[in-house]
$ cat final.cif   # mmCIF, C-alpha atoms
data_protein
loop_
_atom_site.label_atom_id
_atom_site.label_comp_id
_atom_site.auth_asym_id
_atom_site.auth_seq_id
_atom_site.Cartn_x
_atom_site.Cartn_y
_atom_site.Cartn_z
CA MET W 1 81.39 34.12 237.27
CA PRO W 2 81.01 33.02 240.91
CA VAL W 3 82.84 35.26 243.38
CA VAL W 4 83.99 33.76 246.68
CA LEU W 5 85.34 37.04 248.03
CA ALA W 6 84.75 40.62 246.82
CA ARG W 7 87.20 42.75 248.76
CA ILE W 8 88.03 46.44 249.05
CA ASP W 9 91.74 46.62 249.87
CA ASP W 10 94.08 49.47 248.92
CA ARG W 11 97.06 47.10 248.92
CA LEU W 12 95.26 45.06 246.22
CA ILE W 13 97.12 41.76 245.70
CA HIS W 14 99.24 41.15 248.82
CA GLY W 15 99.87 38.64 251.61
CA GLN W 16 96.49 38.83 253.34
CA VAL W 17 94.87 37.89 250.03
CA THR W 18 97.36 35.37 248.61
CA ALA W 19 98.57 33.75 251.86
CA GLY W 20 95.53 34.50 254.06
CA TRP W 21 92.30 34.15 252.09
CA ALA W 22 93.42 32.13 249.07
CA PRO W 23 94.35 28.87 250.89
CA GLN W 24 91.02 29.09 252.75
CA LEU W 25 88.80 29.88 249.76
CA GLN W 26 90.70 27.97 247.05
CA PRO W 27 90.01 30.47 244.27
CA THR W 28 90.75 29.55 240.66
CA ARG W 29 91.23 33.21 239.74
CA ILE W 30 92.05 36.59 241.26
CA ILE W 31 90.43 39.52 239.46
CA LEU W 32 91.98 42.92 240.09
CA ALA W 33 89.67 45.69 238.87
CA ASN W 34 91.51 48.98 238.41
CA ASN W 35 91.47 51.27 235.38
CA ALA W 36 95.00 52.64 235.81
CA ILE W 37 96.70 49.29 236.43
CA ALA W 38 94.79 47.55 233.62
CA THR W 39 96.36 49.91 231.08
CA ASP W 40 99.87 49.71 232.58
CA SER W 41 101.63 46.51 231.55
CA TRP W 42 104.50 47.01 234.01
CA GLN W 43 102.23 47.42 237.04
CA SER W 44 100.07 44.53 235.82
CA ARG W 45 103.15 42.30 235.63
CA VAL W 46 104.20 43.22 239.16
CA TYR W 47 100.78 42.39 240.62
CA ALA W 48 100.45 39.22 238.53
CA SER W 49 103.83 38.00 239.77
CA SER W 50 102.50 38.17 243.35
CA VAL W 51 99.85 35.53 242.68
CA PRO W 52 100.79 31.96 243.71
CA PRO W 53 101.11 29.31 240.97
CA GLY W 54 97.84 27.53 240.22
CA ILE W 55 95.69 30.66 240.52
CA GLU W 56 94.87 32.56 237.34
CA VAL W 57 94.95 36.33 237.43
CA SER W 58 92.93 38.88 235.44
CA ILE W 59 93.76 42.56 235.69
CA LEU W 60 90.88 44.45 234.12
CA SER W 61 89.27 47.85 233.86
CA ILE W 62 86.18 48.35 236.03
CA ALA W 63 83.95 47.93 232.97
CA GLY W 64 85.88 44.84 231.82
CA ALA W 65 85.64 43.23 235.23
CA ALA W 66 81.92 44.01 235.49
CA SER W 67 81.28 42.36 232.15
CA LEU W 68 83.37 39.26 233.03
CA LEU W 69 81.59 38.91 236.39
CA ALA W 70 78.16 39.29 234.80
CA SER W 71 78.84 36.69 232.11
CA ARG W 72 77.60 33.14 232.46
CA GLU W 73 80.84 31.79 231.05
CA SER W 74 83.36 30.29 233.44
CA ALA W 75 80.56 29.29 235.82
CA GLY W 76 82.85 26.68 237.34
CA GLU W 77 85.42 29.26 238.43
CA ARG W 78 85.82 30.64 241.95
CA SER W 79 87.06 34.20 241.92
CA ILE W 80 88.50 36.62 244.42
CA LEU W 81 87.64 40.14 243.25
CA LEU W 82 89.71 43.10 244.44
CA THR W 83 89.29 46.84 244.16
CA GLY W 84 91.28 49.56 245.88
CA SER W 85 88.27 51.67 246.86
CA ALA W 86 84.58 51.55 247.73
CA GLY W 87 83.81 53.82 244.77
CA GLU W 88 85.24 51.31 242.30
CA MET W 89 83.30 48.46 243.93
CA ALA W 90 80.05 50.46 243.72
CA GLU W 91 80.77 51.16 240.06
CA LEU W 92 81.22 47.43 239.41
CA VAL W 93 77.83 46.69 240.93
CA ARG W 94 76.20 49.56 239.04
CA LEU W 95 77.59 48.10 235.80
CA GLY W 96 75.99 44.75 236.55
CA ALA W 97 78.48 42.70 238.56
CA PRO W 98 76.25 40.36 240.58
CA LEU W 99 77.88 40.80 244.00
CA VAL W 100 76.03 39.77 247.15
CA CYS W 101 78.45 40.76 249.88
CA ILE W 102 81.45 43.10 249.96
CA ASN W 103 84.36 42.68 252.35
CA LEU W 104 86.10 45.80 253.65
CA GLY W 105 89.51 44.22 254.02
CA GLY W 106 91.99 47.07 254.23
CA VAL W 107 91.39 50.76 253.76
CA HIS W 108 94.31 52.53 255.39
CA PHE W 109 94.51 55.99 256.91
CA SER W 110 95.22 59.02 254.80
CA PRO W 111 94.40 62.68 255.51
CA GLY W 112 90.65 63.28 255.47
CA LYS W 113 89.75 59.73 256.49
CA VAL W 114 88.05 58.82 259.75
CA GLU W 115 88.49 55.52 261.60
CA MET W 116 85.61 53.06 261.46
CA LEU W 117 87.75 50.09 262.49
CA PRO W 118 91.51 49.72 263.00
CA TRP W 119 91.80 48.48 259.40
CA VAL W 120 89.07 50.64 257.87
CA TYR W 121 89.42 54.43 257.49
CA LEU W 122 86.84 56.18 255.33
CA ASP W 123 86.35 59.60 253.78
CA SER W 124 83.09 61.17 252.66
CA GLN W 125 83.42 59.74 249.13
CA ASP W 126 83.84 56.24 250.55
CA LEU W 127 80.71 56.73 252.65
CA VAL W 128 78.69 57.79 249.60
CA ALA W 129 79.89 54.70 247.71
CA LEU W 130 79.15 52.32 250.60
CA ARG W 131 75.69 53.82 250.98
CA ARG W 132 75.11 53.24 247.26
CA LEU W 133 76.17 49.62 247.67
CA LEU W 134 73.69 49.15 250.54
CA GLU W 135 70.97 50.79 248.45
CA MET W 136 71.71 48.36 245.62
CA GLY W 137 71.06 45.51 248.06
CA VAL W 138 74.68 44.49 248.70
CA GLU W 139 75.71 43.41 252.18
CA LEU W 140 78.81 44.95 253.73
CA SER W 141 81.12 43.41 256.25
CA ALA W 142 84.61 44.20 257.44
CA GLN W 143 87.09 41.40 258.04
CA GLN W 144 90.83 41.60 257.49
CA VAL W 145 91.84 37.93 257.50
CA PRO W 146 90.16 34.50 257.77
CA GLY W 147 89.28 33.75 261.38
CA GLY W 148 89.64 37.45 262.26
CA ARG W 149 86.97 39.67 263.73
CA GLU W 150 84.04 40.12 261.33
CA VAL W 151 81.96 43.27 261.65
CA SER W 152 78.71 43.73 259.76
CA ILE W 153 78.24 47.27 258.39
CA ASP W 154 74.76 48.78 258.03
CA SER W 155 73.45 52.25 257.23
CA GLY W 156 73.43 53.07 260.96
CA ASN W 157 77.19 52.49 261.11
CA LEU W 158 77.69 54.77 258.12
CA LEU W 159 75.52 57.48 259.68
CA GLU W 160 77.49 57.25 262.90
CA LEU W 161 80.71 57.83 260.99
CA GLU W 162 79.23 60.69 258.96
CA GLU W 163 78.62 62.57 262.18
CA LYS W 164 82.37 62.49 262.88
CA PHE W 165 83.18 64.64 259.82
CA MET R 1 128.67 53.04 249.76
CA ILE R 2 125.56 51.02 248.95
CA ARG R 3 122.64 51.83 251.29
CA ALA R 4 119.94 49.35 252.27
CA LEU R 5 116.36 49.52 253.50
CA VAL R 6 114.66 46.57 255.18
CA MET R 7 110.91 46.89 254.41
CA THR R 8 108.75 44.43 256.28
CA HIS R 9 105.51 43.59 258.05
CA GLY R 10 105.33 44.67 261.68
CA GLN R 11 108.68 45.28 263.36
CA ILE R 12 110.61 42.47 261.67
CA GLY R 13 112.87 44.92 259.84
CA THR R 14 113.53 47.15 262.84
CA GLU R 15 114.43 44.16 264.98
CA LEU R 16 116.64 42.57 262.31
CA VAL R 17 118.60 45.82 261.97
CA LYS R 18 118.93 46.05 265.77
CA VAL R 19 120.31 42.51 265.88
CA VAL R 20 122.79 43.22 263.06
CA GLU R 21 124.04 46.18 265.12
CA MET R 22 124.22 44.01 268.25
CA ILE R 23 126.51 41.68 266.31
CA LEU R 24 128.55 44.09 264.18
CA GLY R 25 128.22 47.42 265.97
CA PRO R 26 126.55 50.60 264.69
CA ILE R 27 125.95 50.51 260.92
CA GLU R 28 125.49 53.50 258.64
CA GLY R 29 123.11 53.30 255.71
CA LEU R 30 121.06 50.34 256.94
CA ASP R 31 117.51 51.37 257.80
CA ALA R 32 114.16 49.72 258.46
CA MET R 33 110.58 50.54 257.49
CA SER R 34 107.29 48.89 258.49
CA ASN R 35 104.21 48.64 256.28
CA HIS R 36 102.01 48.93 259.37
CA GLY R 37 99.00 51.17 258.81
CA LEU R 38 100.09 52.23 255.32
CA SER R 39 98.15 51.91 252.10
CA GLY R 40 99.94 50.51 249.06
CA ASP R 41 100.37 54.03 247.64
CA ASP R 42 101.67 55.50 250.90
CA LEU R 43 104.15 52.67 251.28
CA ARG R 44 105.53 53.49 247.85
CA VAL R 45 105.79 57.18 248.78
CA GLU R 46 107.63 56.35 252.02
CA ALA R 47 110.07 54.11 250.20
CA ALA R 48 110.72 56.81 247.61
CA ALA R 49 111.28 59.33 250.40
CA TRP R 50 113.89 57.03 251.94
CA ILE R 51 115.62 56.78 248.56
CA GLY R 52 115.49 60.57 248.50
CA SER R 53 113.45 61.09 245.39
CA ASP R 54 109.95 62.01 244.33
CA PRO R 55 107.93 58.83 243.76
CA GLY R 56 107.45 59.65 240.08
CA LEU R 57 111.13 60.27 239.43
CA VAL R 58 112.63 56.93 240.34
CA ASP R 59 112.85 55.33 236.93
CA GLU R 60 115.23 54.44 234.10
CA SER R 61 116.30 58.05 233.72
CA ASN R 62 117.31 58.40 237.34
CA PRO R 63 120.43 56.35 238.13
CA LEU R 64 120.92 56.23 241.86
CA ASP R 65 124.29 57.06 243.29
CA PRO R 66 125.06 55.66 245.79
CA PRO R 67 123.09 52.54 244.82
CA VAL R 68 120.32 51.23 247.04
CA LEU R 69 119.28 47.72 247.96
CA ILE R 70 115.81 47.11 249.34
CA PHE R 71 115.19 43.94 251.31
CA VAL R 72 111.57 42.80 251.81
CA ASP R 73 110.31 39.97 253.98
CA ASP R 74 107.80 38.31 251.70
CA PHE R 75 107.69 37.77 247.95
CA GLY R 76 104.27 38.87 246.75
CA GLY R 77 103.56 41.11 249.72
CA SER R 78 102.80 44.82 249.88
CA CYS R 79 106.41 45.77 250.68
CA GLY R 80 107.77 43.98 247.62
CA THR R 81 105.12 45.49 245.38
CA ALA R 82 105.74 49.01 246.69
CA ALA R 83 109.50 48.57 246.35
CA GLN R 84 109.13 47.41 242.76
CA PHE R 85 106.92 50.33 241.81
CA CYS R 86 109.32 52.61 243.57
CA CYS R 87 112.60 51.67 241.93
CA ALA R 88 112.76 48.31 240.14
CA GLN R 89 113.21 50.04 236.77
CA CYS R 90 115.93 52.26 238.13
CA PRO R 91 119.60 51.51 237.47
CA GLY R 92 121.34 51.54 240.80
CA ALA R 93 118.50 49.90 242.71
CA ALA R 94 117.90 46.25 243.52
CA ILE R 95 115.21 44.45 245.52
CA VAL R 96 115.57 41.10 247.27
CA ALA R 97 112.71 39.22 248.95
CA GLY R 98 113.01 36.76 251.83
CA VAL R 99 115.35 38.77 254.04
CA ASN R 100 117.01 36.97 256.92
CA LEU R 101 119.77 37.75 259.39
CA ALA R 102 122.52 36.02 257.42
CA MET R 103 121.69 38.14 254.37
CA LEU R 104 121.94 41.38 256.32
CA LEU R 105 125.24 40.37 257.92
CA GLY R 106 126.49 39.56 254.42
CA PHE R 107 125.30 42.93 253.14
CA VAL R 108 127.30 44.84 255.75
CA THR R 109 130.39 42.66 255.30
CA TRP R 110 130.51 42.71 251.48
CA ARG R 111 129.01 46.01 250.39
CA GLU R 112 132.27 47.97 250.16
CA ASP R 113 134.08 45.46 247.96
CA ASN R 114 131.36 44.73 245.37
CA ASP R 115 129.12 46.44 242.88
CA LEU R 116 125.37 46.14 243.38
CA ASP R 117 124.82 43.14 241.08
CA GLU R 118 127.62 41.10 242.58
CA LEU R 119 126.54 42.04 246.10
CA VAL R 120 122.98 40.88 245.38
CA ARG R 121 124.28 37.61 243.92
CA GLN R 122 126.32 36.89 247.05
CA ILE R 123 123.50 37.89 249.40
CA VAL R 124 120.92 35.69 247.67
CA GLN R 125 123.34 32.75 247.78
CA LYS R 126 124.09 33.40 251.48
CA GLY R 127 120.38 33.63 252.29
CA ARG R 128 119.69 30.27 250.65
CA GLU R 129 122.68 28.59 252.30
CA SER R 130 121.60 29.84 255.72
CA ILE R 131 118.36 27.84 255.64
CA VAL R 132 119.39 24.45 256.95
CA ARG R 133 117.70 21.72 258.94
CA LEU R 134 119.81 21.20 262.04
CA GLY R 135 120.51 18.13 264.12
CA MET R 136 120.24 15.55 261.34
#
$ encode --input "final.cif" --output "C-alpha coordinates"
Amino acid sequence: MPVVLARIDDRLIHGQVTAGWAPQLQPTRIILANNAIATDSWQSRVYASSVPPGIEVSILSIAGAASLLASRESAGERSILLTGSAGEMAELVRLGAPLVCINLGGVHFSPGKVEMLPWVYLDSQDLVALRRLLEMGVELSAQQVPGGREVSIDSGNLLELEEKF
Amino acid sequence: MIRALVMTHGQIGTELVKVVEMILGPIEGLDAMSNHGLSGDDLRVEAAAWIGSDPGLVDESNPLDPPVLIFVDDFGGSCGTAAQFCCAQCPGAAIVAGVNLAMLLGFVTWREDNDLDELVRQIVQKGRESIVRLGM
(Lines of atoms letter the chains of each structure in order from A and count residues from 1; the text may use other names and numbers.)
(Lines give C-alpha, C1' and ligand atoms only; values in the text may rest on other atoms or scores of the structure.)
Protein backbone atom coordinates (compact mmCIF):
# COMPACT_ATOMS: atom_id res chain seq x y z
CA MET A 1 0.00 0.00 0.00
CA PRO A 2 1.51 3.36 -1.00
CA VAL A 3 2.54 5.52 1.96
CA VAL A 4 2.59 9.29 1.53
CA LEU A 5 3.94 9.96 5.02
CA ALA A 6 5.56 7.57 7.52
CA ARG A 7 5.84 9.53 10.74
CA ILE A 8 7.24 8.95 14.21
CA ASP A 9 5.10 11.02 16.58
CA ASP A 10 4.40 10.20 20.23
CA ARG A 11 1.09 12.07 20.07
CA LEU A 12 0.02 9.67 17.28
CA ILE A 13 -3.22 10.95 15.70
CA HIS A 14 -3.51 14.66 16.56
CA GLY A 15 -3.85 18.11 14.99
CA GLN A 16 -0.49 18.27 13.20
CA VAL A 17 -1.44 15.07 11.38
CA THR A 18 -5.17 15.57 10.78
CA ALA A 19 -5.25 19.36 10.28
CA GLY A 20 -1.63 19.89 9.16
CA TRP A 21 -0.47 17.05 6.92
CA ALA A 22 -3.77 15.47 5.86
CA PRO A 23 -5.18 18.42 3.83
CA GLN A 24 -1.78 18.71 2.10
CA LEU A 25 -1.27 15.02 1.33
CA GLN A 26 -4.92 13.97 0.84
CA PRO A 27 -4.53 10.51 2.36
CA THR A 28 -7.29 7.93 1.94
CA ARG A 29 -6.25 6.18 5.15
CA ILE A 30 -4.39 6.76 8.40
CA ILE A 31 -2.65 3.67 9.76
CA LEU A 32 -1.73 3.75 13.44
CA ALA A 33 0.71 0.94 14.27
CA ASN A 34 0.82 0.22 18.00
CA ASN A 35 0.52 -3.15 19.73
CA ALA A 36 -1.09 -1.86 22.93
CA ILE A 37 -3.68 0.38 21.25
CA ALA A 38 -4.58 -2.26 18.64
CA THR A 39 -5.76 -4.60 21.39
CA ASP A 40 -7.62 -1.90 23.35
CA SER A 41 -10.98 -1.13 21.77
CA TRP A 42 -11.56 1.95 23.94
CA GLN A 43 -8.25 3.60 23.03
CA SER A 44 -8.77 2.61 19.39
CA ARG A 45 -12.18 4.31 19.40
CA VAL A 46 -10.73 7.50 20.87
CA TYR A 47 -8.00 7.72 18.22
CA ALA A 48 -10.38 6.76 15.41
CA SER A 49 -12.79 9.51 16.46
CA SER A 50 -10.01 12.07 15.91
CA VAL A 51 -9.78 11.30 12.20
CA PRO A 52 -11.73 13.66 9.91
CA PRO A 53 -14.63 12.22 7.88
CA GLY A 54 -13.57 10.88 4.49
CA ILE A 55 -10.32 9.35 5.75
CA GLU A 56 -10.34 5.67 6.71
CA VAL A 57 -8.46 4.61 9.79
CA SER A 58 -6.72 1.31 10.60
CA ILE A 59 -5.33 0.70 14.07
CA LEU A 60 -3.11 -2.34 13.84
CA SER A 61 -0.38 -4.24 15.63
CA ILE A 62 3.13 -3.69 14.27
CA ALA A 63 3.01 -7.07 12.52
CA GLY A 64 -0.48 -6.38 11.14
CA ALA A 65 0.55 -2.99 9.80
CA ALA A 66 3.72 -4.43 8.24
CA SER A 67 1.71 -7.06 6.43
CA LEU A 68 -0.90 -4.54 5.19
CA LEU A 69 1.84 -2.19 3.96
CA ALA A 70 3.69 -4.99 2.19
CA SER A 71 0.57 -6.27 0.42
CA ARG A 72 -0.16 -5.33 -3.17
CA GLU A 73 -3.83 -4.90 -2.39
CA SER A 74 -5.20 -1.40 -2.04
CA ALA A 75 -2.55 -0.08 -4.42
CA GLY A 76 -4.74 2.93 -5.13
CA GLU A 77 -4.74 4.06 -1.51
CA ARG A 78 -2.60 6.84 -0.05
CA SER A 79 -1.71 6.18 3.56
CA ILE A 80 -0.30 8.15 6.43
CA LEU A 81 1.52 5.72 8.72
CA LEU A 82 2.11 6.61 12.38
CA THR A 83 4.15 5.05 15.14
CA GLY A 84 4.95 6.46 18.56
CA SER A 85 8.63 5.51 18.51
CA ALA A 86 11.62 4.90 16.27
CA GLY A 87 11.86 1.32 17.55
CA GLU A 88 8.36 0.49 16.29
CA MET A 89 9.12 2.06 12.90
CA ALA A 90 12.34 0.02 12.59
CA GLU A 91 10.37 -3.11 13.47
CA LEU A 92 7.86 -2.34 10.70
CA VAL A 93 10.65 -2.08 8.15
CA ARG A 94 12.32 -5.24 9.45
CA LEU A 95 9.02 -7.08 8.99
CA GLY A 96 8.84 -5.99 5.36
CA ALA A 97 7.01 -2.66 5.25
CA PRO A 98 8.42 -1.02 2.10
CA LEU A 99 9.16 2.44 3.52
CA VAL A 100 11.50 4.80 1.69
CA CYS A 101 11.62 7.79 4.00
CA ILE A 102 10.70 8.28 7.66
CA ASN A 103 9.59 11.59 9.12
CA LEU A 104 10.56 12.42 12.70
CA GLY A 105 7.52 14.53 13.44
CA GLY A 106 7.28 14.77 17.22
CA VAL A 107 9.34 12.99 19.83
CA HIS A 108 8.96 14.97 23.03
CA PHE A 109 11.29 15.29 25.98
CA SER A 110 11.27 12.78 28.78
CA PRO A 111 14.04 11.95 31.27
CA GLY A 112 17.00 10.30 29.54
CA LYS A 113 16.36 11.95 26.17
CA VAL A 114 18.71 14.43 24.53
CA GLU A 115 17.64 17.23 22.19
CA MET A 116 18.38 16.78 18.50
CA LEU A 117 15.88 19.41 17.40
CA PRO A 118 13.26 21.40 19.34
CA TRP A 119 10.67 18.77 18.39
CA VAL A 120 12.94 15.72 18.48
CA TYR A 121 14.41 14.34 21.74
CA LEU A 122 16.07 10.94 21.56
CA ASP A 123 17.38 8.33 23.98
CA SER A 124 19.94 5.63 23.29
CA GLN A 125 17.25 3.12 22.22
CA ASP A 126 15.89 5.61 19.69
CA LEU A 127 19.40 6.10 18.30
CA VAL A 128 19.87 2.34 17.87
CA ALA A 129 16.54 2.12 16.03
CA LEU A 130 17.29 5.09 13.77
CA ARG A 131 20.68 3.64 12.94
CA ARG A 132 18.98 0.35 12.02
CA LEU A 133 16.61 2.24 9.73
CA LEU A 134 19.54 3.95 7.98
CA GLU A 135 21.28 0.58 7.63
CA MET A 136 18.15 -0.85 6.03
CA GLY A 137 18.37 1.92 3.42
CA VAL A 138 15.60 4.16 4.75
CA GLU A 139 16.04 7.93 4.59
CA LEU A 140 15.36 9.98 7.71
CA SER A 141 14.18 13.53 7.90
CA ALA A 142 12.68 15.65 10.64
CA GLN A 143 9.80 17.99 9.87
CA GLN A 144 6.97 18.87 12.21
CA VAL A 145 4.41 20.41 9.85
CA PRO A 146 4.01 21.07 6.11
CA GLY A 147 6.03 24.11 5.09
CA GLY A 148 8.06 23.86 8.31
CA ARG A 149 11.80 23.43 8.57
CA GLU A 150 12.93 20.09 7.13
CA VAL A 151 16.16 18.60 8.45
CA SER A 152 17.77 15.57 6.85
CA ILE A 153 19.22 13.10 9.38
CA ASP A 154 22.27 10.99 8.54
CA SER A 155 24.56 8.71 10.54
CA GLY A 156 26.81 11.70 11.30
CA ASN A 157 23.92 13.44 13.06
CA LEU A 158 23.24 10.32 15.11
CA LEU A 159 26.92 10.00 16.05
CA GLU A 160 26.98 13.64 17.13
CA LEU A 161 24.04 13.02 19.44
CA GLU A 162 25.54 9.79 20.82
CA GLU A 163 28.50 11.78 22.06
CA LYS A 164 26.13 13.85 24.23
CA PHE A 165 25.13 10.82 26.35
CA MET B 1 -18.01 22.99 43.55
CA ILE B 2 -17.21 21.73 40.06
CA ARG B 3 -13.58 22.40 39.06
CA ALA B 4 -12.42 23.00 35.49
CA LEU B 5 -9.18 22.65 33.56
CA VAL B 6 -8.63 24.39 30.22
CA MET B 7 -6.18 22.19 28.25
CA THR B 8 -4.95 23.76 25.04
CA HIS B 9 -2.21 24.33 22.50
CA GLY B 10 0.24 27.09 23.38
CA GLN B 11 -1.01 29.63 25.90
CA ILE B 12 -4.63 29.77 24.72
CA GLY B 13 -5.90 28.28 27.97
CA THR B 14 -3.77 30.45 30.25
CA GLU B 15 -4.87 33.59 28.44
CA LEU B 16 -8.55 32.59 28.38
CA VAL B 17 -8.48 32.03 32.15
CA LYS B 18 -6.74 35.40 32.64
CA VAL B 19 -9.44 37.12 30.61
CA VAL B 20 -12.23 35.38 32.56
CA GLU B 21 -10.62 36.74 35.75
CA MET B 22 -10.31 40.20 34.20
CA ILE B 23 -14.06 40.12 33.60
CA LEU B 24 -15.35 38.29 36.69
CA GLY B 25 -12.56 38.69 39.24
CA PRO B 26 -10.40 35.94 40.78
CA ILE B 27 -11.87 32.46 40.24
CA GLU B 28 -11.16 29.37 42.31
CA GLY B 29 -11.00 25.98 40.66
CA LEU B 30 -10.43 27.19 37.09
CA ASP B 31 -6.96 26.26 35.86
CA ALA B 32 -5.08 26.07 32.57
CA MET B 33 -2.60 23.61 31.09
CA SER B 34 -0.60 23.74 27.84
CA ASN B 35 0.39 20.72 25.76
CA HIS B 36 3.62 22.49 24.79
CA GLY B 37 6.61 20.16 24.80
CA LEU B 38 4.65 17.20 26.19
CA SER B 39 4.29 13.76 24.69
CA GLY B 40 0.82 12.23 24.53
CA ASP B 41 1.59 10.06 27.58
CA ASP B 42 3.01 12.94 29.63
CA LEU B 43 0.00 15.09 28.82
CA ARG B 44 -2.25 12.37 30.19
CA VAL B 45 -0.13 12.13 33.36
CA GLU B 46 -0.26 15.92 33.87
CA ALA B 47 -4.03 15.96 33.45
CA ALA B 48 -4.40 13.11 35.93
CA ALA B 49 -2.16 14.97 38.37
CA TRP B 50 -4.42 18.02 38.11
CA ILE B 51 -7.43 15.82 38.83
CA GLY B 52 -5.46 14.53 41.80
CA SER B 53 -5.28 10.88 40.93
CA ASP B 54 -2.85 8.35 39.57
CA PRO B 55 -3.29 8.07 35.80
CA GLY B 56 -4.33 4.43 36.06
CA LEU B 57 -6.97 5.06 38.71
CA VAL B 58 -9.26 7.47 36.94
CA ASP B 59 -11.90 5.08 35.67
CA GLU B 60 -15.42 3.80 36.27
CA SER B 61 -14.57 2.75 39.81
CA ASN B 62 -13.32 6.18 40.79
CA PRO B 63 -16.19 8.69 41.01
CA LEU B 64 -14.77 12.17 41.31
CA ASP B 65 -16.05 14.44 44.01
CA PRO B 66 -16.07 17.34 43.41
CA PRO B 67 -16.71 16.71 39.71
CA VAL B 68 -14.31 18.01 37.08
CA LEU B 69 -14.88 19.51 33.66
CA ILE B 70 -12.04 19.57 31.16
CA PHE B 71 -12.23 22.04 28.30
CA VAL B 72 -9.98 21.45 25.26
CA ASP B 73 -9.44 23.74 22.30
CA ASP B 74 -9.60 21.31 19.41
CA PHE B 75 -11.64 18.18 18.79
CA GLY B 76 -9.24 15.48 17.63
CA GLY B 77 -6.15 17.11 19.10
CA SER B 78 -3.67 15.80 21.65
CA CYS B 79 -5.37 17.57 24.58
CA GLY B 80 -8.74 15.98 23.84
CA THR B 81 -7.20 12.56 23.43
CA ALA B 82 -5.22 12.84 26.67
CA ALA B 83 -8.29 14.11 28.53
CA GLN B 84 -10.37 11.20 27.26
CA PHE B 85 -7.79 8.62 28.29
CA CYS B 86 -7.49 10.36 31.59
CA CYS B 87 -11.10 10.48 32.72
CA ALA B 88 -13.78 10.02 30.05
CA GLN B 89 -14.89 6.73 31.61
CA CYS B 90 -15.04 8.26 35.04
CA PRO B 91 -18.36 9.31 36.60
CA GLY B 92 -17.95 12.86 37.74
CA ALA B 93 -15.81 13.96 34.80
CA ALA B 94 -16.82 15.57 31.52
CA ILE B 95 -14.83 16.84 28.55
CA VAL B 96 -15.91 19.55 26.11
CA ALA B 97 -13.99 20.50 22.95
CA GLY B 98 -14.03 23.90 21.24
CA VAL B 99 -13.60 26.09 24.31
CA ASN B 100 -14.27 29.79 23.92
CA LEU B 101 -14.64 32.75 26.25
CA ALA B 102 -18.43 32.61 26.42
CA MET B 103 -18.27 28.98 27.55
CA LEU B 104 -15.86 29.77 30.37
CA LEU B 105 -17.93 32.73 31.55
CA GLY B 106 -20.94 30.41 31.53
CA PHE B 107 -19.03 27.80 33.51
CA VAL B 108 -18.22 30.24 36.31
CA THR B 109 -21.73 31.69 36.36
CA TRP B 110 -23.66 28.40 36.35
CA ARG B 111 -21.48 25.85 38.10
CA GLU B 112 -22.92 26.29 41.60
CA ASP B 113 -26.55 25.84 40.58
CA ASN B 114 -26.26 22.78 38.31
CA ASP B 115 -25.02 19.22 38.29
CA LEU B 116 -22.26 18.33 35.85
CA ASP B 117 -24.50 17.04 33.03
CA GLU B 118 -26.79 20.05 33.08
CA LEU B 119 -23.82 22.42 33.31
CA VAL B 120 -22.22 20.79 30.25
CA ARG B 121 -25.51 21.03 28.33
CA GLN B 122 -25.78 24.76 29.05
CA ILE B 123 -22.12 25.42 28.27
CA VAL B 124 -22.24 23.62 24.92
CA GLN B 125 -25.39 25.55 23.98
CA LYS B 126 -23.78 28.85 25.05
CA GLY B 127 -20.63 28.07 23.08
CA ARG B 128 -22.63 27.43 19.91
CA GLU B 129 -24.79 30.52 20.37
CA SER B 130 -21.72 32.70 20.84
CA ILE B 131 -20.45 32.02 17.32
CA VAL B 132 -22.24 34.61 15.23
CA ARG B 133 -21.44 36.55 12.08
CA LEU B 134 -21.68 40.22 13.01
CA GLY B 135 -22.70 43.25 11.01
CA MET B 136 -25.17 41.53 8.68
$ interface_residues --input "final.cif" --of "chain R" --to "chain W" --cutoff "8 Å" --atoms "all atoms listed in the file" --output "list of chain:residue names"
R:Gly37, R:Leu38, R:Ser39, R:Gly40, R:Asp41, R:Asp74, R:Phe75, R:Gly76, R:Gly77, R:Ser78, R:Thr81, R:Gln84, R:Phe85
$ closest_residue --input "final.cif" --among "W:Gln144, W:Asn157, W:Ser71, W:Thr39" --to "W:Asn103" --atoms "only C-alpha atoms"
W:Gln144
$ closest_residue --input "final.cif" --among "R:Cys79, R:Glu118, R:Ile51, R:Arg44" --to "R:His9" --atoms "all atoms listed in the file"
R:Cys79
$ resolve_selection --input "final.cif" --expression "the PyMOL selection byres ((chain W and resi 58) around 7)" --output "number ranges by chain"
W: 30-32, 56-57, 59-60
$ closest_residue --input "final.cif" --among "R:Cys87, R:Met33, R:Val132, R:Ala93" --to "R:Val72" --atoms "all atoms listed in the file"
R:Met33
